[in-house]
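What follows is the content of final-v7.txt (compact mmCIF, C-alpha atoms).
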# COMPACT_ATOMS: atom_id res chain seq x y z
CA MET A 1 -1.36 2.08 -7.13
CA LYS A 2 2.25 3.01 -6.54
CA ILE A 3 3.70 2.78 -3.01
CA SER A 4 7.02 4.40 -2.15
CA LEU A 5 8.91 3.63 1.05
CA LEU A 6 11.30 6.42 2.04
CA ARG A 7 13.96 6.07 4.70
CA HIS A 8 14.80 9.23 6.64
CA GLY A 9 18.02 11.11 5.89
CA LYS A 10 21.21 11.47 7.91
CA THR A 11 20.62 12.27 11.58
CA LYS A 12 22.47 13.89 14.40
CA LEU A 13 24.03 11.45 16.92
CA ASP A 14 24.73 9.08 14.07
CA ASP A 15 26.79 6.59 16.10
CA ILE A 16 24.10 5.48 18.57
CA TYR A 17 21.38 2.87 18.60
CA ARG A 18 18.68 5.31 17.51
CA GLY A 19 15.59 3.13 17.75
CA HIS A 20 12.93 5.11 19.61
CA THR A 21 15.41 7.86 20.53
CA ASP A 22 13.95 10.96 18.89
CA VAL A 23 17.02 12.44 17.21
CA ALA A 24 16.75 15.22 14.63
CA LEU A 25 17.82 15.26 11.02
CA THR A 26 20.94 17.13 10.03
CA ASP A 27 20.60 19.79 7.31
CA GLN A 28 22.22 17.30 4.99
CA GLY A 29 19.66 14.65 5.95
CA PHE A 30 16.78 16.99 5.22
CA GLU A 31 18.26 17.80 1.80
CA GLN A 32 18.83 14.10 1.06
CA MET A 33 15.13 13.45 1.54
CA HIS A 34 14.13 16.38 -0.67
CA GLN A 35 16.42 15.10 -3.41
CA SER A 36 14.90 11.62 -3.22
CA VAL A 37 11.32 12.86 -3.33
CA ALA A 38 12.19 15.10 -6.29
CA THR A 39 12.83 11.94 -8.36
CA LEU A 40 9.23 10.75 -7.93
CA LYS A 41 7.34 11.26 -11.17
CA LEU A 42 3.86 10.50 -9.83
CA PRO A 43 2.45 13.04 -7.33
CA VAL A 44 1.90 11.76 -3.79
CA ASP A 45 -1.76 11.79 -2.75
CA TYR A 46 -1.49 9.74 0.48
CA LEU A 47 1.38 10.39 2.88
CA VAL A 48 1.92 8.56 6.17
CA SER A 49 4.91 9.02 8.45
CA SER A 50 6.54 7.64 11.56
CA ASP A 51 5.93 9.93 14.52
CA LEU A 52 9.66 10.36 15.23
CA GLN A 53 10.92 13.79 14.18
CA ARG A 54 13.53 12.48 11.76
CA CYS A 55 10.59 11.39 9.61
CA ALA A 56 7.67 13.56 10.73
CA LYS A 57 9.24 17.01 10.34
CA PHE A 58 10.24 16.40 6.76
CA SER A 59 6.86 14.81 6.00
CA ALA A 60 5.00 17.81 7.41
CA SER A 61 7.04 20.13 5.20
CA LEU A 62 6.06 18.02 2.19
CA MET A 63 2.37 17.65 2.94
CA PRO A 64 0.87 19.35 6.03
CA LYS A 65 -2.21 17.09 5.95
CA LEU A 66 -0.21 13.91 6.46
CA LYS A 67 -1.08 10.91 8.60
CA ILE A 68 1.15 10.13 11.59
CA GLU A 69 1.53 6.43 12.37
CA LYS A 70 3.29 5.35 15.56
CA ARG A 71 3.48 1.75 14.35
CA PHE A 72 5.97 2.90 11.68
CA LYS A 73 8.36 3.95 14.45
CA GLU A 74 11.82 2.34 14.33
CA MET A 75 12.46 -0.85 16.30
CA SER A 76 12.95 -0.33 20.01
CA PHE A 77 16.45 -1.15 21.21
CA GLY A 78 15.30 -1.06 24.83
CA ASP A 79 18.18 -0.47 27.23
CA TRP A 80 20.52 0.12 24.29
CA ASP A 81 18.43 2.94 22.86
CA GLY A 82 20.40 6.17 22.71
CA GLN A 83 23.63 4.41 23.70
CA LEU A 84 26.81 4.44 21.63
CA ARG A 85 26.99 1.32 19.46
CA ALA A 86 30.70 0.89 20.16
CA LYS A 87 30.07 1.02 23.91
CA ILE A 88 27.38 -1.67 23.76
CA TRP A 89 29.53 -3.88 21.53
CA ARG A 90 32.39 -3.52 24.00
CA GLU A 91 30.33 -4.15 27.15
CA GLN A 92 27.78 -6.71 25.90
CA PRO A 93 29.37 -8.58 22.97
CA GLU A 94 27.45 -11.81 23.55
CA ALA A 95 24.07 -10.09 23.67
CA VAL A 96 24.83 -8.12 20.53
CA SER A 97 26.03 -11.23 18.71
CA GLN A 98 22.87 -13.11 19.70
CA PHE A 99 20.73 -10.28 18.39
CA TRP A 100 22.46 -10.15 14.99
CA SER A 101 22.52 -13.94 14.64
CA ASN A 102 18.78 -14.28 15.31
CA PRO A 103 17.11 -10.83 15.09
CA MET A 104 13.64 -12.26 14.52
CA HIS A 105 13.58 -13.74 18.03
CA CYS A 106 16.42 -12.09 19.99
CA CYS A 107 16.44 -8.47 21.08
CA ALA A 108 18.20 -5.90 23.21
CA PRO A 109 17.30 -5.98 26.92
CA ASN A 110 13.74 -4.59 27.21
CA GLY A 111 13.68 -4.04 23.45
CA GLU A 112 11.68 -5.69 20.70
CA THR A 113 12.51 -8.34 18.13
CA VAL A 114 12.39 -7.86 14.38
CA LEU A 115 9.37 -10.17 14.37
CA GLN A 116 7.50 -7.87 16.76
CA LEU A 117 8.47 -4.90 14.61
CA GLN A 118 7.35 -6.71 11.48
CA ILE A 119 3.95 -7.57 12.94
CA ARG A 120 3.12 -4.02 14.03
CA ALA A 121 4.49 -2.40 10.87
CA MET A 122 2.62 -4.74 8.52
CA GLU A 123 -0.59 -4.29 10.49
CA ALA A 124 -0.31 -0.54 9.96
CA PHE A 125 0.77 -0.99 6.35
CA HIS A 126 -2.29 -3.01 5.38
CA GLU A 127 -4.64 -0.61 7.19
CA HIS A 128 -3.24 2.35 5.27
CA VAL A 129 -3.21 0.46 1.97
CA LYS A 130 -6.92 -0.30 2.39
CA SER A 131 -7.64 3.34 3.24
CA ALA A 132 -5.71 4.53 0.19
CA ILE A 133 -7.59 2.10 -2.06
CA LYS A 134 -10.94 3.34 -0.74
CA LEU A 135 -9.87 6.91 -1.46
CA ASN A 136 -8.83 5.88 -4.98
CA CYS A 137 -5.30 7.15 -4.36
CA LYS A 138 -2.63 6.67 -7.00
CA HIS A 139 0.57 7.07 -4.97
CA MET A 140 1.15 6.40 -1.28
CA LEU A 141 4.39 7.56 0.33
CA ILE A 142 5.47 6.02 3.65
CA VAL A 143 8.26 7.90 5.44
CA THR A 144 9.88 5.63 7.98
CA HIS A 145 13.11 3.94 9.12
CA GLY A 146 15.62 1.44 7.81
CA GLY A 147 14.61 -1.30 10.22
CA VAL A 148 10.93 -0.84 9.42
CA ILE A 149 11.49 -0.95 5.67
CA ARG A 150 13.63 -4.08 5.95
CA ALA A 151 11.01 -5.78 8.12
CA MET A 152 8.22 -4.86 5.70
CA LEU A 153 10.16 -6.07 2.67
CA GLY A 154 10.91 -9.29 4.54
CA SER A 155 7.20 -9.87 4.96
CA ILE A 156 6.20 -8.84 1.43
CA LEU A 157 8.95 -10.93 -0.18
CA HIS A 158 8.65 -13.84 2.31
CA MET A 159 12.32 -13.62 3.26
CA ASP A 160 14.07 -15.18 6.21
CA ALA A 161 15.88 -13.16 8.86
CA LYS A 162 19.30 -13.25 7.20
CA GLY A 163 17.86 -11.90 3.97
CA LEU A 164 16.66 -8.73 5.67
CA PHE A 165 20.21 -7.40 5.80
CA ASN A 166 20.97 -8.03 2.13
CA PHE A 167 19.48 -4.69 1.09
CA ASN A 168 21.66 -1.63 0.61
CA LEU A 169 19.28 0.97 2.03
CA PRO A 170 21.10 4.31 2.36
CA TYR A 171 19.82 7.42 4.08
CA ALA A 172 16.84 8.79 2.12
CA GLY A 173 16.74 5.59 0.10
CA LEU A 174 13.50 4.96 -1.83
CA VAL A 175 11.93 1.53 -2.30
CA PRO A 176 9.21 1.34 -5.01
CA LEU A 177 6.30 -1.07 -4.65
CA HIS A 178 3.44 -1.81 -7.01
CA LEU A 179 -0.09 -2.71 -5.89
CA VAL A 180 -2.67 -4.45 -8.04
CA THR A 181 -6.26 -4.96 -6.89
CA PHE A 182 -8.37 -7.93 -7.93
CA ASP A 183 -11.39 -10.01 -6.89
CA ASP A 184 -10.61 -13.37 -5.30
CA GLU A 185 -12.41 -16.66 -6.02
CA SER A 186 -15.21 -15.65 -3.64
CA GLY A 187 -15.69 -12.31 -5.35
CA HIS A 188 -14.10 -10.31 -2.53
CA SER A 189 -11.71 -7.46 -3.28
CA ASP A 190 -8.06 -8.19 -2.57
CA TYR A 191 -4.66 -6.88 -3.61
CA HIS A 192 -1.15 -8.04 -4.40
CA ILE A 193 2.01 -6.06 -3.63
CA SER A 194 5.31 -6.55 -5.40
CA LEU A 195 8.73 -4.90 -5.56
CA ASP A 196 8.58 -2.66 -8.61
CA PHE A 197 11.70 -3.02 -10.75
CA GLY A 198 9.97 -1.04 -13.49
CA ALA A 199 9.76 2.11 -11.38
CA ASN A 200 11.86 5.13 -12.26
The structure in this file should be written as structure tokens.
Amino acid sequence: MKISLLRHGKTKLDDIYRGHTDVALTDQGFEQMHQSVATLKLPVDYLVSSDLQRCAKFSASLMPKLKIEKRFKEMSFGDWDGQLRAKIWREQPEAVSQFWSNPMHCCAPNGETVLQLQIRAMEAFHEHVKSAIKLNCKHMLIVTHGGVIRAMLGSILHMDAKGLFNFNLPYAGLVPLHLVTFDDESGHSDYHISLDFGAN
């Protein structure tokens, strides 16, 4: 089975900590996502989206019978959510530096860590993968956020915190994954997921 991770396109209020703030896509952002999806050669037969409108509205236009998954929501920036990034950097430089130096365990005030994001996103990911396998789906598309995709790749590729920021993931960027099912030593069904460099 093919799995595609799609980041949302360009949004309004582009210079804030978006997080859980429910900002809308710009017209350009909507078009960016359409252009990315147009490159997919295998039809999507399982679509799941973050509940935030910058993902959900596009997803609904693509496939009305989609699945909405709150656990694919972007990381919460707590008290920083919706605030200008430059303002927070200016007023709380130490807190911001701590977050970027150890994002797995440090967070914005009343926010969540990358580790917490990773746990909830991967829990949802595996639930939807198992559902797609049962339905004999060929291509699952997950429409979500940059932070979520980085956290998921970190888990799948067993990367440390610093490695999460070594991906260039632009607006409407697509990440292809490949899933192979097999029976383990006990005869139970299992699967392996890898980054798919052969995708086009």
- [ ] Rounded to one decimal place, report the atom CA of A:Ser155-atom CA of A:Ile88 distance in Å.
- [x] 28.8 Å
Open item on the list: I need every residue sitting at most 10 Å from the point (13.7, -2.5, 21.5) (coordinates as in the file, all atoms listed in the file considered), written as a VMD selection string.
Closed with: chain A and resid 17 19 to 20 74 to 81 107 to 114 116 to 117
Counting all atoms listed in the file, which residues of stretch 88-191 of chain A sit at most 12 Å from some atom of stretch 22-46 of chain A, and what is each one's closest atom pair with its distance in Å to one decimal, listed by chain and rising residue number, as a Markdown table?
| residue | atom | partner | partner_atom | distance |
| --- | --- | --- | --- | --- |
| A:His128 | CA | A:Tyr46 | CA | 9.0 |
| A:Val129 | CA | A:Tyr46 | CA | 9.6 |
| A:Lys130 | CA | A:Tyr46 | CA | 11.6 |
| A:Ser131 | CA | A:Tyr46 | CA | 9.3 |
| A:Ala132 | CA | A:Tyr46 | CA | 6.7 |
| A:Ile133 | CA | A:Tyr46 | CA | 10.1 |
| A:Lys134 | CA | A:Tyr46 | CA | 11.5 |
| A:Leu135 | CA | A:Tyr46 | CA | 9.1 |
| A:Asn136 | CA | A:Asp45 | CA | 9.5 |
| A:Cys137 | CA | A:Asp45 | CA | 6.1 |
| A:Lys138 | CA | A:Asp45 | CA | 6.7 |
| A:His139 | CA | A:Val44 | CA | 5.0 |
| A:Met140 | CA | A:Tyr46 | CA | 4.6 |
| A:Leu141 | CA | A:Tyr46 | CA | 6.3 |
| A:Ile142 | CA | A:Tyr46 | CA | 8.5 |
| A:Val143 | CA | A:Met33 | CA | 9.7 |
| A:Thr144 | CA | A:Met33 | CA | 11.4 |
| A:Pro170 | CA | A:Gln32 | CA | 10.1 |
| A:Tyr171 | CA | A:Gln32 | CA | 7.4 |
| A:Ala172 | CA | A:Met33 | CA | 5.0 |
| A:Gly173 | CA | A:Ser36 | CA | 7.1 |
| A:Leu174 | CA | A:Ser36 | CA | 6.9 |
| A:Val175 | CA | A:Ser36 | CA | 10.6 |
| A:Pro176 | CA | A:Leu40 | CA | 9.9 |
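From atom CA of A:Ile119 back to atom CA of A:Met63, the distance works out to 27.2 Å.
Take the candidates A:Thr21, A:Gln83, A:Lys162, A:His145 and check each one against A:Phe99 using all atoms listed in the file; the shortest distance goes to A:Lys162.
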What would stretch 161-179 of chain A look like if you wrote it out as a tab-separated table (two decimals), in the first residue's frame, with N, CA, C and O atoms included, from the block I just posted?
chain	number	residue	atom	x	y	z
A	161	ALA	N	15.81	14.16	17.97
A	161	ALA	CA	15.10	15.44	17.86
A	161	ALA	C	15.72	16.38	16.83
A	161	ALA	O	15.01	17.02	16.05
A	162	LYS	N	17.04	16.46	16.79
A	162	LYS	CA	17.70	17.38	15.88
A	162	LYS	C	17.44	17.00	14.42
A	162	LYS	O	17.35	17.85	13.54
A	163	GLY	N	17.30	15.71	14.17
A	163	GLY	CA	17.08	15.25	12.81
A	163	GLY	C	15.73	15.64	12.25
A	163	GLY	O	15.56	15.71	11.02
A	164	LEU	N	14.77	15.93	13.12
A	164	LEU	CA	13.43	16.27	12.67
A	164	LEU	C	13.40	17.55	11.83
A	164	LEU	O	12.49	17.75	11.03
A	165	PHE	N	14.38	18.40	12.01
A	165	PHE	CA	14.39	19.68	11.32
A	165	PHE	C	15.34	19.68	10.12
A	165	PHE	O	15.64	20.72	9.55
A	166	ASN	N	15.77	18.48	9.72
A	166	ASN	CA	16.63	18.35	8.55
A	166	ASN	C	15.86	17.97	7.30
A	166	ASN	O	16.44	17.49	6.32
A	167	PHE	N	14.54	18.16	7.33
A	167	PHE	CA	13.71	17.94	6.16
A	167	PHE	C	13.29	19.29	5.59
A	167	PHE	O	12.84	20.16	6.34
A	168	ASN	N	13.43	19.46	4.29
A	168	ASN	CA	12.85	20.63	3.64
A	168	ASN	C	11.42	20.25	3.26
A	168	ASN	O	11.20	19.49	2.32
A	169	LEU	N	10.46	20.74	4.02
A	169	LEU	CA	9.06	20.37	3.81
A	169	LEU	C	8.25	21.62	3.49
A	169	LEU	O	7.70	22.25	4.39
A	170	PRO	N	8.17	22.00	2.23
A	170	PRO	CA	7.49	23.24	1.86
A	170	PRO	C	5.98	23.11	1.98
A	170	PRO	O	5.45	22.01	2.17
A	171	TYR	N	5.29	24.23	1.85
A	171	TYR	CA	3.83	24.19	1.79
A	171	TYR	C	3.40	23.23	0.67
A	171	TYR	O	3.96	23.23	-0.43
A	172	ALA	N	2.41	22.41	0.98
A	172	ALA	CA	1.86	21.42	0.05
A	172	ALA	C	2.88	20.36	-0.35
A	172	ALA	O	2.72	19.68	-1.36
A	173	GLY	N	3.93	20.22	0.48
A	173	GLY	CA	4.91	19.18	0.21
A	173	GLY	C	4.33	17.79	0.43
A	173	GLY	O	3.54	17.57	1.34
A	174	LEU	N	4.73	16.85	-0.43
A	174	LEU	CA	4.28	15.46	-0.34
A	174	LEU	C	5.42	14.56	0.12
A	174	LEU	O	6.54	14.69	-0.37
A	175	VAL	N	5.12	13.67	1.05
A	175	VAL	CA	6.10	12.68	1.50
A	175	VAL	C	5.55	11.29	1.20
A	175	VAL	O	4.50	10.91	1.73
A	176	PRO	N	6.21	10.51	0.33
A	176	PRO	CA	5.72	9.17	-0.02
A	176	PRO	C	6.26	8.09	0.91
A	176	PRO	O	7.45	8.03	1.19
A	177	LEU	N	5.36	7.24	1.37
A	177	LEU	CA	5.74	6.10	2.19
A	177	LEU	C	5.26	4.82	1.52
A	177	LEU	O	4.29	4.83	0.74
A	178	HIS	N	5.92	3.73	1.83
A	178	HIS	CA	5.54	2.43	1.28
A	178	HIS	C	5.29	1.47	2.42
A	178	HIS	O	6.07	1.39	3.37
A	179	LEU	N	4.18	0.74	2.35
A	179	LEU	CA	3.81	-0.22	3.39
A	179	LEU	C	3.79	-1.63	2.82
A	179	LEU	O	3.21	-1.87	1.76
